[in-house]
>>> print(open('model-v8.txt').read())   # compact mmCIF, C-alpha atoms (C1' of nucleotides)
# COMPACT_ATOMS: atom_id res chain seq x y z
CA MET A 1 65.60 10.90 33.96
CA ILE A 2 68.48 10.77 31.53
CA SER A 3 70.14 7.52 30.58
CA LYS A 4 73.38 6.12 31.99
CA ALA A 5 75.08 6.83 28.70
CA SER A 6 73.99 10.44 28.78
CA GLU A 7 75.24 10.80 32.33
CA GLU A 8 78.62 9.61 31.19
CA TYR A 9 78.72 12.22 28.45
CA LEU A 10 77.68 14.92 30.85
CA LYS A 11 80.37 13.95 33.32
CA THR A 12 83.01 13.96 30.60
CA MET A 13 81.91 17.38 29.41
CA TYR A 14 82.12 18.83 32.88
CA ILE A 15 85.62 17.46 33.35
CA LEU A 16 86.76 18.73 29.95
CA LYS A 17 85.44 22.18 30.76
CA LYS A 18 87.50 22.21 33.97
CA GLN A 19 90.56 20.85 32.23
CA ASN A 20 90.58 22.72 28.94
CA GLY A 21 88.21 25.60 29.45
CA ASN A 22 86.08 24.38 26.58
CA ILE A 23 84.18 21.31 25.49
CA ARG A 24 84.74 19.92 22.03
CA VAL A 25 83.20 17.01 20.16
CA THR A 26 86.55 15.51 19.28
CA ASP A 27 87.82 15.64 22.84
CA ILE A 28 84.69 13.99 24.17
CA ALA A 29 85.00 11.26 21.56
CA LYS A 30 88.62 10.67 22.55
CA LYS A 31 87.90 10.51 26.29
CA MET A 32 84.96 8.24 25.81
CA ASN A 33 86.43 6.04 23.11
CA CYS A 34 83.58 6.57 20.75
CA THR A 35 83.01 8.26 17.40
CA LYS A 36 82.08 11.87 16.75
CA PRO A 37 78.61 11.06 15.45
CA SER A 38 77.85 9.33 18.72
CA VAL A 39 78.91 12.42 20.57
CA ASN A 40 76.78 14.54 18.30
CA LYS A 41 73.72 12.49 19.13
CA ALA A 42 74.49 12.66 22.82
CA ILE A 43 74.78 16.43 22.65
CA TYR A 44 71.30 16.78 21.23
CA ASN A 45 69.89 14.37 23.80
CA LEU A 46 71.37 16.45 26.60
CA LYS A 47 70.19 19.62 24.92
CA ASP A 48 66.66 18.25 24.75
CA SER A 49 66.88 17.53 28.46
CA GLY A 50 67.86 21.12 29.15
CA LEU A 51 71.29 20.19 30.43
CA LEU A 52 73.30 22.13 27.91
CA ASN A 53 73.03 24.85 25.28
CA TYR A 54 74.26 24.21 21.79
CA GLU A 55 73.86 25.30 18.18
CA SER A 56 75.51 23.61 15.20
CA TYR A 57 79.23 24.31 15.06
CA GLY A 58 78.88 26.39 18.21
CA THR A 59 80.24 25.94 21.70
CA ILE A 60 78.90 23.46 24.21
CA GLU A 61 77.88 25.12 27.47
CA LEU A 62 76.37 23.21 30.34
CA THR A 63 73.33 24.86 31.87
CA GLU A 64 73.21 25.35 35.61
CA GLU A 65 71.08 22.25 35.89
CA GLY A 66 73.53 20.35 33.73
CA GLU A 67 76.44 21.45 35.81
CA ASN A 68 74.77 20.47 39.04
CA LEU A 69 73.89 17.07 37.72
CA ALA A 70 77.44 16.58 36.47
CA LYS A 71 78.78 17.43 39.90
CA LYS A 72 76.44 14.97 41.49
CA ILE A 73 77.48 12.23 39.10
CA ILE A 74 81.14 12.90 39.79
CA GLU A 75 80.45 12.91 43.48
CA ALA A 76 78.92 9.47 43.23
CA TYR A 77 81.85 8.28 41.20
CA ASP A 78 84.29 9.59 43.79
CA ILE A 79 82.61 7.80 46.64
CA VAL A 80 82.54 4.49 44.85
CA TYR A 81 86.10 4.92 43.69
CA LEU A 82 87.23 5.73 47.21
CA PHE A 83 85.51 2.67 48.55
CA LEU A 84 86.99 0.37 45.95
CA LYS A 85 90.46 1.79 46.21
CA ASP A 86 90.91 2.57 49.87
CA VAL A 87 88.52 0.13 51.50
CA LEU A 88 88.67 -2.88 49.23
CA ASN A 89 92.22 -2.09 48.12
CA ILE A 90 91.49 -2.55 44.48
CA GLU A 91 94.24 -1.46 42.16
CA ASP A 92 93.84 2.11 40.97
CA GLU A 93 93.07 1.58 37.30
CA ASP A 94 90.57 -1.17 38.04
CA ALA A 95 88.94 0.89 40.75
CA LYS A 96 88.40 3.71 38.27
CA LYS A 97 86.83 1.47 35.69
CA GLU A 98 84.60 -0.29 38.18
CA ALA A 99 83.56 2.93 39.88
CA GLU A 100 82.42 4.27 36.55
CA LYS A 101 80.14 1.32 36.00
CA ILE A 102 78.83 1.00 39.52
CA LYS A 103 78.06 4.62 40.11
CA SER A 104 75.68 4.72 37.15
CA THR A 105 73.56 1.94 38.53
CA ILE A 106 73.00 2.85 42.12
CA SER A 107 70.48 5.11 43.78
CA ASP A 108 71.13 8.31 45.69
CA THR A 109 70.27 6.75 49.02
CA THR A 110 72.73 3.93 48.50
CA ILE A 111 75.42 6.39 47.54
CA ASN A 112 74.72 8.42 50.64
CA LYS A 113 74.95 5.39 52.87
CA LEU A 114 78.11 4.25 51.16
CA ALA A 115 79.58 7.72 51.59
CA LYS A 116 78.89 7.76 55.29
CA TYR A 117 80.33 4.31 55.65
CA VAL A 118 83.47 5.14 53.73
CA HIS A 119 84.00 8.22 55.83
CA GLU A 120 83.71 6.28 59.02
CA VAL A 121 85.95 3.46 57.95
CA LEU A 122 88.63 5.73 56.60
CA GLY A 123 88.42 8.01 59.58
CA LEU A 124 87.55 10.95 57.41
CA SER A 125 84.38 11.87 59.14
CA ASN A 126 83.28 13.35 62.39
CA LEU A 127 80.08 12.20 64.00
CA ASN A 128 78.18 15.14 62.64
CA CYS A 129 78.94 14.20 59.08
CA ASN A 130 75.68 13.77 57.31
CA TYR A 131 76.74 13.28 53.79
CA ASP A 132 74.12 14.03 51.19
CA ILE A 133 74.98 13.72 47.56
CA ASN A 134 72.59 16.50 46.67
CA GLN A 135 74.37 18.95 48.92
CA GLU A 136 77.91 19.71 49.88
CA LYS A 137 78.22 19.61 53.60
CA CYS A 138 81.07 17.49 54.72
CA ARG A 139 84.42 19.20 55.14
CA SER A 140 86.55 16.12 55.54
CA CYS A 141 85.23 14.51 52.44
CA THR A 142 85.39 17.70 50.48
CA LYS A 143 89.09 17.70 51.22
CA ARG A 144 89.42 14.12 50.08
CA LYS A 145 87.32 14.82 47.04
CA ILE A 146 89.68 17.52 45.94
CA GLU A 147 92.55 15.07 46.02
CA LEU A 148 90.52 12.66 44.00
CA ARG A 149 89.70 15.31 41.47
CA LYS A 150 93.40 15.90 40.89
CA ASP A 151 94.00 12.21 40.32
CA ASN A 152 91.22 12.01 37.83
CA ASN A 153 92.40 15.02 35.92
CA ASN A 154 95.62 13.24 35.22
CA GLU A 155 93.84 10.56 33.30
CA MET B 1 80.16 -12.76 27.09
CA ILE B 2 76.41 -12.58 27.45
CA SER B 3 74.61 -9.32 28.16
CA LYS B 4 73.41 -8.08 31.53
CA ALA B 5 69.85 -8.66 30.45
CA SER B 6 70.60 -12.25 29.52
CA GLU B 7 72.29 -12.80 32.87
CA GLU B 8 69.15 -11.66 34.58
CA TYR B 9 67.05 -14.14 32.61
CA LEU B 10 69.46 -16.93 33.37
CA LYS B 11 69.40 -16.15 37.06
CA THR B 12 65.62 -16.10 37.09
CA MET B 13 65.46 -19.42 35.29
CA TYR B 14 67.78 -21.05 37.75
CA ILE B 15 65.73 -19.82 40.68
CA LEU B 16 62.47 -20.93 39.10
CA LYS B 17 63.90 -24.38 38.52
CA LYS B 18 64.80 -24.64 42.20
CA GLN B 19 61.47 -23.26 43.30
CA ASN B 20 59.04 -24.96 40.95
CA GLY B 21 60.99 -27.78 39.44
CA ASN B 22 60.40 -26.36 35.98
CA ILE B 23 60.99 -23.20 34.02
CA ARG B 24 58.13 -21.64 32.13
CA VAL B 25 57.91 -18.62 29.89
CA THR B 26 54.97 -17.16 31.76
CA ASP B 27 56.67 -17.51 35.14
CA ILE B 28 59.82 -15.84 33.88
CA ALA B 29 57.78 -12.98 32.45
CA LYS B 30 56.00 -12.54 35.78
CA LYS B 31 59.20 -12.56 37.82
CA MET B 32 60.92 -10.18 35.50
CA ASN B 33 58.01 -7.90 34.81
CA CYS B 34 58.25 -8.24 31.09
CA THR B 35 56.21 -9.75 28.28
CA LYS B 36 56.30 -13.29 26.99
CA PRO B 37 57.76 -12.34 23.60
CA SER B 38 60.69 -10.74 25.40
CA VAL B 39 61.25 -13.95 27.30
CA ASN B 40 61.06 -15.89 24.07
CA LYS B 41 63.81 -13.80 22.54
CA ALA B 42 65.92 -14.16 25.65
CA ILE B 43 65.53 -17.93 25.55
CA TYR B 44 66.92 -18.12 22.03
CA ASN B 45 69.79 -15.81 22.93
CA LEU B 46 70.73 -18.08 25.81
CA LYS B 47 70.29 -21.12 23.63
CA ASP B 48 72.64 -19.64 21.04
CA SER B 49 75.18 -19.11 23.80
CA GLY B 50 74.92 -22.77 24.78
CA LEU B 51 73.51 -22.00 28.20
CA LEU B 52 70.25 -23.88 27.79
CA ASN B 53 68.50 -26.44 25.64
CA TYR B 54 65.15 -25.66 24.15
CA GLU B 55 62.80 -26.56 21.33
CA SER B 56 59.54 -24.77 20.56
CA TYR B 57 56.84 -25.57 23.10
CA GLY B 58 59.31 -27.78 24.92
CA THR B 59 60.89 -27.54 28.33
CA ILE B 60 63.69 -25.17 29.21
CA GLU B 61 66.71 -26.95 30.62
CA LEU B 62 69.87 -25.13 31.61
CA THR B 63 73.04 -26.79 30.39
CA GLU B 64 75.81 -27.46 32.85
CA GLU B 65 77.54 -24.33 31.68
CA GLY B 66 74.32 -22.37 32.07
CA GLU B 67 73.78 -23.68 35.54
CA ASN B 68 77.29 -22.82 36.62
CA LEU B 69 77.01 -19.33 35.27
CA ALA B 70 73.66 -18.88 36.97
CA LYS B 71 75.19 -19.94 40.27
CA LYS B 72 78.01 -17.52 39.83
CA ILE B 73 75.61 -14.69 39.07
CA ILE B 74 73.57 -15.49 42.13
CA GLU B 75 76.73 -15.70 44.19
CA ALA B 76 77.66 -12.21 43.10
CA TYR B 77 74.19 -11.00 43.88
CA ASP B 78 74.34 -12.50 47.35
CA ILE B 79 77.60 -10.83 48.21
CA VAL B 80 76.44 -7.43 47.08
CA TYR B 81 73.11 -7.88 48.83
CA LEU B 82 74.85 -8.89 52.04
CA PHE B 83 77.07 -5.87 51.88
CA LEU B 84 74.23 -3.47 51.25
CA LYS B 85 71.97 -4.98 53.86
CA ASP B 86 74.29 -5.94 56.69
CA VAL B 87 77.16 -3.55 56.22
CA LEU B 88 75.49 -0.42 54.90
CA ASN B 89 72.21 -1.23 56.64
CA ILE B 90 70.10 -0.58 53.62
CA GLU B 91 66.51 -1.61 53.96
CA ASP B 92 65.85 -5.10 52.67
CA GLU B 93 63.74 -4.38 49.60
CA ASP B 94 66.07 -1.60 48.44
CA ALA B 95 69.10 -3.77 49.05
CA LYS B 96 67.64 -6.45 46.80
CA LYS B 97 66.92 -4.04 43.98
CA GLU B 98 70.29 -2.37 44.19
CA ALA B 99 72.17 -5.65 44.46
CA GLU B 100 70.52 -6.80 41.28
CA LYS B 101 71.79 -3.78 39.40
CA ILE B 102 75.24 -3.63 40.89
CA LYS B 103 76.10 -7.28 40.59
CA SER B 104 75.68 -7.17 36.83
CA THR B 105 78.20 -4.42 36.39
CA ILE B 106 81.15 -5.50 38.43
CA SER B 107 84.06 -7.76 37.67
CA ASP B 108 84.91 -11.06 39.30
CA THR B 109 87.93 -9.64 41.07
CA THR B 110 85.90 -6.85 42.61
CA ILE B 111 83.28 -9.33 43.76
CA ASN B 112 85.97 -11.49 45.31
CA LYS B 113 87.46 -8.57 47.18
CA LEU B 114 84.06 -7.44 48.30
CA ALA B 115 83.27 -10.93 49.48
CA LYS B 116 86.42 -11.14 51.57
CA TYR B 117 85.75 -7.75 53.01
CA VAL B 118 82.17 -8.54 53.88
CA HIS B 119 83.25 -11.73 55.58
CA GLU B 120 85.77 -9.93 57.68
CA VAL B 121 83.51 -7.11 58.67
CA LEU B 122 80.65 -9.39 59.55
CA GLY B 123 82.90 -11.81 61.36
CA LEU B 124 81.88 -14.62 59.07
CA SER B 125 85.30 -15.56 57.96
CA ASN B 126 88.37 -17.20 59.33
CA LEU B 127 91.78 -16.08 58.23
CA ASN B 128 92.05 -18.88 55.76
CA CYS B 129 88.99 -17.80 53.89
CA ASN B 130 89.98 -17.21 50.33
CA TYR B 131 86.72 -16.58 48.66
CA ASP B 132 86.64 -17.13 44.95
CA ILE B 133 83.42 -16.64 43.08
CA ASN B 134 84.37 -19.32 40.59
CA GLN B 135 84.72 -21.91 43.30
CA GLU B 136 82.96 -22.81 46.50
CA LYS B 137 85.40 -22.91 49.29
CA CYS B 138 84.28 -20.90 52.23
CA ARG B 139 82.21 -22.69 54.84
CA SER B 140 81.10 -19.67 56.77
CA CYS B 141 79.83 -17.91 53.70
CA THR B 142 78.23 -21.03 52.33
CA LYS B 143 76.22 -21.15 55.51
CA ARG B 144 75.24 -17.53 55.12
CA LYS B 145 74.49 -18.05 51.47
CA ILE B 146 72.02 -20.72 52.30
CA GLU B 147 70.15 -18.35 54.55
CA LEU B 148 70.14 -15.78 51.78
CA ARG B 149 68.83 -18.31 49.33
CA LYS B 150 65.84 -18.94 51.57
CA ASP B 151 65.09 -15.24 51.77
CA ASN B 152 65.23 -14.86 48.05
CA ASN B 153 62.99 -17.80 47.44
CA ASN B 154 60.27 -16.08 49.37
CA GLU B 155 60.14 -13.25 46.88
C1' DC C 1 93.35 34.65 0.31
C1' DC C 2 93.39 30.19 -0.92
C1' DT C 3 94.57 25.39 0.23
C1' DT C 4 94.83 21.91 3.50
C1' DT C 5 93.75 19.97 7.79
C1' DT C 6 90.88 19.63 11.55
C1' DT C 7 86.54 19.59 13.33
C1' DG C 8 81.67 18.83 13.24
C1' DT C 9 77.29 17.01 10.82
C1' DT C 10 74.26 14.05 8.33
C1' DA C 11 72.49 9.90 6.48
C1' DA C 12 71.91 5.30 6.63
C1' DC C 13 72.84 1.18 8.86
C1' DT C 14 73.38 -2.35 13.03
C1' DC C 15 72.28 -4.55 17.29
C1' DT C 16 69.90 -5.12 21.69
C1' DG C 17 65.98 -5.51 24.06
C1' DG C 18 61.83 -3.97 24.87
C1' DC C 19 56.73 -3.73 23.14
C1' DT C 20 51.72 -5.04 20.91
C1' DA C 21 48.76 -7.73 18.12
C1' DA C 22 47.71 -11.78 16.22
C1' DC C 23 48.26 -16.47 15.93
C1' DA C 24 49.45 -21.45 17.26
C1' DT C 25 49.70 -24.96 20.49
C1' DT C 26 48.78 -27.38 24.62
C1' DA C 27 46.16 -28.25 28.83
C1' DT C 28 41.95 -28.22 31.40
C1' DA C 29 37.64 -29.40 32.44
C1' DA C 30 32.52 -29.93 31.15
C1' DT D 1 36.10 -35.19 23.09
C1' DT D 2 35.51 -30.90 22.24
C1' DA D 3 35.24 -25.99 23.76
C1' DT D 4 37.70 -22.82 26.49
C1' DA D 5 41.50 -21.15 28.82
C1' DA D 6 46.25 -20.85 29.40
C1' DT D 7 50.56 -20.85 27.41
C1' DG D 8 53.95 -20.05 23.90
C1' DT D 9 55.36 -18.05 19.15
C1' DT D 10 55.77 -14.94 15.34
C1' DA D 11 55.81 -10.71 12.98
C1' DG D 12 56.50 -6.15 12.99
C1' DC D 13 57.28 -2.02 15.42
C1' DC D 14 60.06 1.29 18.54
C1' DA D 15 63.91 3.59 21.01
C1' DG D 16 68.67 3.93 22.49
C1' DA D 17 73.20 3.99 21.43
C1' DG D 18 76.58 2.78 18.73
C1' DT D 19 78.86 2.45 13.86
C1' DT D 20 80.87 3.99 8.86
C1' DA D 21 81.01 6.88 4.86
C1' DA D 22 80.48 11.07 2.96
C1' DC D 23 80.06 15.77 3.37
C1' DA D 24 80.15 20.77 5.34
C1' DA D 25 82.29 24.26 8.00
C1' DA D 26 85.93 26.37 10.39
C1' DA D 27 90.77 27.01 11.50
C1' DA D 28 95.51 27.08 10.38
C1' DG D 29 99.32 28.41 7.79
C1' DG D 30 101.83 29.11 3.48
>>> encode(input="model-v8.txt", output="structure tokens")
Amino acid sequence: MISKASEEYLKTMYILKKQNGNIRVTDIAKKMNCTKPSVNKAIYNLKDSGLLNYESYGTIELTEEGENLAKKIIEAYDIVYLFLKDVLNIEDEDAKKEAEKIKSTISDTTINKLAKYVHEVLGLSNLNCNYDINQEKCRSCTKRKIELRKDNNNE
Amino acid sequence: MISKASEEYLKTMYILKKQNGNIRVTDIAKKMNCTKPSVNKAIYNLKDSGLLNYESYGTIELTEEGENLAKKIIEAYDIVYLFLKDVLNIEDEDAKKEAEKIKSTISDTTINKLAKYVHEVLGLSNLNCNYDINQEKCRSCTKRKIELRKDNNNE
DNA sequence: CCTTTTTGTTAACTCTGGCTAACATTATAA
DNA sequence: TTATAATGTTAGCCAGAGTTAACAAAAAGG
């Protein structure tokens, strides 16, 4: 199991890759409001966990495992964010910040239950929806997730 | 602002006081699954923050400020627990564990919104309910909170 | 192609919050 | 009341995750 902090780095890397096509130390540091040495450490932690490939001064590439984990983390974030924003009506910026924190603390089963609940409440789901954070099954939420992704990319 | 870890100690102390009438290092360590030296450190952190009074080998007494904060922390825990258990239908033991983690990460405003939501959904509230974690206003939730308190004391 | 700027790395430090081992104090109970 | 058990403290260690300062490497652009 990697730490919460490492998950955050991984998530940021995945998003940067989608946004910029590459992942750079400086960009990570900017997004995460931390210093480059901190990023450097994080990179080697993630490398040791087999979640990315890296050599000094080289390019950061998430492994397949790393990419899958990143997706899962983002998925969890999305669900929590959706709940906070659209169910509790928390203001957008706050919802983002809170979602970040909450999603790192809760278990997969809680996320799955929350996802199902959010779908029901927001009328996104059909009765067959069996959301599972480790898979990608649910059409209606996939649609919603894509919208969310766009929002987040504008950060 | 005290750390999440310190909050957890404070909460445990408050509960022990209610349960046993006193607060002892060994009991805290048992409840929190940690060692006595860790508790000792935590005590002095909380003392430095003005949340309890303590002298070596003496008795631990929460200050008024400490007691209020403890109540607030427990309040937050209760709301999250209630949501997980009665809204998401998460199994009791899991709900407790998750609530513990989540409650330490989220802001007061989120807790307040969650509280209002939970009240509505569970039909506990009236329209005038204006839950505020820093105060104690809502009859229906107070009632529910008392039930919760009993559950938790049986841990 | 050489200089400057940007980017990335390393070393050494901090702080938090755990731990063990060893010790001190207090309570119990023979 | 004194030996033993329980309780609490201290010292010193560790790991995680951050920092600054100084340096190395790579990229950019005259």
>>> interface_residues(input="model-v8.txt", of="chain A", to="chain D", cutoff="8 Å", atoms="all atoms listed in the file", output="VMD selection string")
chain A and resid 35 38 57
>>> closest_residue(input="model-v8.txt", among="A:Thr12, A:Thr105, A:Asn112, A:Asn53", to="chain B", atoms="only C-alpha atoms")
A:Thr105
>>> interface_residues(input="model-v8.txt", of="chain A", to="chain B", cutoff="12 Å", atoms="only C-alpha atoms", output="ChimeraX atom specification")
/A:80-81,83-91,94-118,120-121
>>> write_last_selection(input="model-v8.txt", atoms="C-alpha atoms", output="PDB file, in the frame of the given file")
ATOM      1  CA  VAL A  80      82.540   4.490  44.850  1.00  0.00           C
ATOM      2  CA  TYR A  81      86.100   4.920  43.690  1.00  0.00           C
ATOM      3  CA  PHE A  83      85.510   2.670  48.550  1.00  0.00           C
ATOM      4  CA  LEU A  84      86.990   0.370  45.950  1.00  0.00           C
ATOM      5  CA  LYS A  85      90.460   1.790  46.210  1.00  0.00           C
ATOM      6  CA  ASP A  86      90.910   2.570  49.870  1.00  0.00           C
ATOM      7  CA  VAL A  87      88.520   0.130  51.500  1.00  0.00           C
ATOM      8  CA  LEU A  88      88.670  -2.880  49.230  1.00  0.00           C
ATOM      9  CA  ASN A  89      92.220  -2.090  48.120  1.00  0.00           C
ATOM     10  CA  ILE A  90      91.490  -2.550  44.480  1.00  0.00           C
ATOM     11  CA  GLU A  91      94.240  -1.460  42.160  1.00  0.00           C
ATOM     12  CA  ASP A  94      90.570  -1.170  38.040  1.00  0.00           C
ATOM     13  CA  ALA A  95      88.940   0.890  40.750  1.00  0.00           C
ATOM     14  CA  LYS A  96      88.400   3.710  38.270  1.00  0.00           C
ATOM     15  CA  LYS A  97      86.830   1.470  35.690  1.00  0.00           C
ATOM     16  CA  GLU A  98      84.600  -0.290  38.180  1.00  0.00           C
ATOM     17  CA  ALA A  99      83.560   2.930  39.880  1.00  0.00           C
ATOM     18  CA  GLU A 100      82.420   4.270  36.550  1.00  0.00           C
ATOM     19  CA  LYS A 101      80.140   1.320  36.000  1.00  0.00           C
ATOM     20  CA  ILE A 102      78.830   1.000  39.520  1.00  0.00           C
ATOM     21  CA  LYS A 103      78.060   4.620  40.110  1.00  0.00           C
ATOM     22  CA  SER A 104      75.680   4.720  37.150  1.00  0.00           C
ATOM     23  CA  THR A 105      73.560   1.940  38.530  1.00  0.00           C
ATOM     24  CA  ILE A 106      73.000   2.850  42.120  1.00  0.00           C
ATOM     25  CA  SER A 107      70.480   5.110  43.780  1.00  0.00           C
ATOM     26  CA  ASP A 108      71.130   8.310  45.690  1.00  0.00           C
ATOM     27  CA  THR A 109      70.270   6.750  49.020  1.00  0.00           C
ATOM     28  CA  THR A 110      72.730   3.930  48.500  1.00  0.00           C
ATOM     29  CA  ILE A 111      75.420   6.390  47.540  1.00  0.00           C
ATOM     30  CA  ASN A 112      74.720   8.420  50.640  1.00  0.00           C
ATOM     31  CA  LYS A 113      74.950   5.390  52.870  1.00  0.00           C
ATOM     32  CA  LEU A 114      78.110   4.250  51.160  1.00  0.00           C
ATOM     33  CA  ALA A 115      79.580   7.720  51.590  1.00  0.00           C
ATOM     34  CA  LYS A 116      78.890   7.760  55.290  1.00  0.00           C
ATOM     35  CA  TYR A 117      80.330   4.310  55.650  1.00  0.00           C
ATOM     36  CA  VAL A 118      83.470   5.140  53.730  1.00  0.00           C
ATOM     37  CA  GLU A 120      83.710   6.280  59.020  1.00  0.00           C
ATOM     38  CA  VAL A 121      85.950   3.460  57.950  1.00  0.00           C
TER      39      VAL A 121
END
>>> interface_residues(input="model-v8.txt", of="chain C", to="chain B", cutoff="9 Å", atoms="all atoms listed in the file", output="list in words")
DG17, DG18, DC19, DT25 and DT26 of chain C
>>> atom_distance(input="model-v8.txt", atom1="CA of Leu16 in chain B", atom2="CA of Asp92 in chain B")
21.1 Å
>>> axis_aligned_box(input="model-v8.txt", around="range 13-16 of chain C", padding_each_side="3 Å", output="AutoDock Vina command-line options")
--center_x 71.6 --center_y -2.0 --center_z 15.3 --size_x 9.5 --size_y 12.3 --size_z 18.8
>>> atom_distance(input="model-v8.txt", atom1="CA of Glu67 in chain A", atom2="CA of Tyr14 in chain A")
6.9 Å
>>> atom_distance(input="model-v8.txt", atom1="CA of Gly50 in chain B", atom2="CA of Tyr9 in chain B")
14.1 Å
>>> decode(input="model-v8.txt", residues="chain D", atoms="C-alpha atoms (C1' of nucleotides)", output="mmCIF file, in the first residue's frame")
data_model
loop_
_atom_site.group_PDB
_atom_site.id
_atom_site.type_symbol
_atom_site.label_atom_id
_atom_site.label_comp_id
_atom_site.auth_asym_id
_atom_site.auth_seq_id
_atom_site.Cartn_x
_atom_site.Cartn_y
_atom_site.Cartn_z
ATOM 1 C "C1'" DT D 1 5.707 -2.580 55.443
ATOM 2 C "C1'" DT D 2 7.869 -4.393 52.047
ATOM 3 C "C1'" DA D 3 7.952 -7.107 47.674
ATOM 4 C "C1'" DT D 4 5.631 -7.349 43.427
ATOM 5 C "C1'" DA D 5 2.836 -5.740 39.920
ATOM 6 C "C1'" DA D 6 0.973 -2.118 37.392
ATOM 7 C "C1'" DT D 7 1.495 2.257 35.640
ATOM 8 C "C1'" DG D 8 3.910 6.159 33.789
ATOM 9 C "C1'" DT D 9 8.374 8.439 31.955
ATOM 10 C "C1'" DT D 10 12.608 9.088 29.493
ATOM 11 C "C1'" DA D 11 15.938 8.419 26.043
ATOM 12 C "C1'" DG D 12 17.017 7.233 21.720
ATOM 13 C "C1'" DC D 13 15.731 5.331 17.433
ATOM 14 C "C1'" DC D 14 12.999 5.146 12.868
ATOM 15 C "C1'" DA D 15 10.239 6.500 8.768
ATOM 16 C "C1'" DG D 16 7.564 9.758 6.087
ATOM 17 C "C1'" DA D 17 7.193 13.935 4.072
ATOM 18 C "C1'" DG D 18 8.296 18.288 3.895
ATOM 19 C "C1'" DT D 19 11.956 22.228 3.716
ATOM 20 C "C1'" DT D 20 16.355 25.285 2.039
ATOM 21 C "C1'" DA D 21 20.769 25.868 -0.081
ATOM 22 C "C1'" DA D 22 23.848 24.555 -3.289
ATOM 23 C "C1'" DC D 23 24.930 22.233 -7.276
ATOM 24 C "C1'" DA D 24 24.515 19.609 -11.944
ATOM 25 C "C1'" DA D 25 22.441 18.994 -16.320
ATOM 26 C "C1'" DA D 26 19.762 20.282 -20.142
ATOM 27 C "C1'" DA D 27 17.493 23.635 -23.079
ATOM 28 C "C1'" DA D 28 17.112 28.007 -25.202
ATOM 29 C "C1'" DG D 29 18.707 31.697 -27.815
ATOM 30 C "C1'" DG D 30 22.075 35.212 -29.068
#
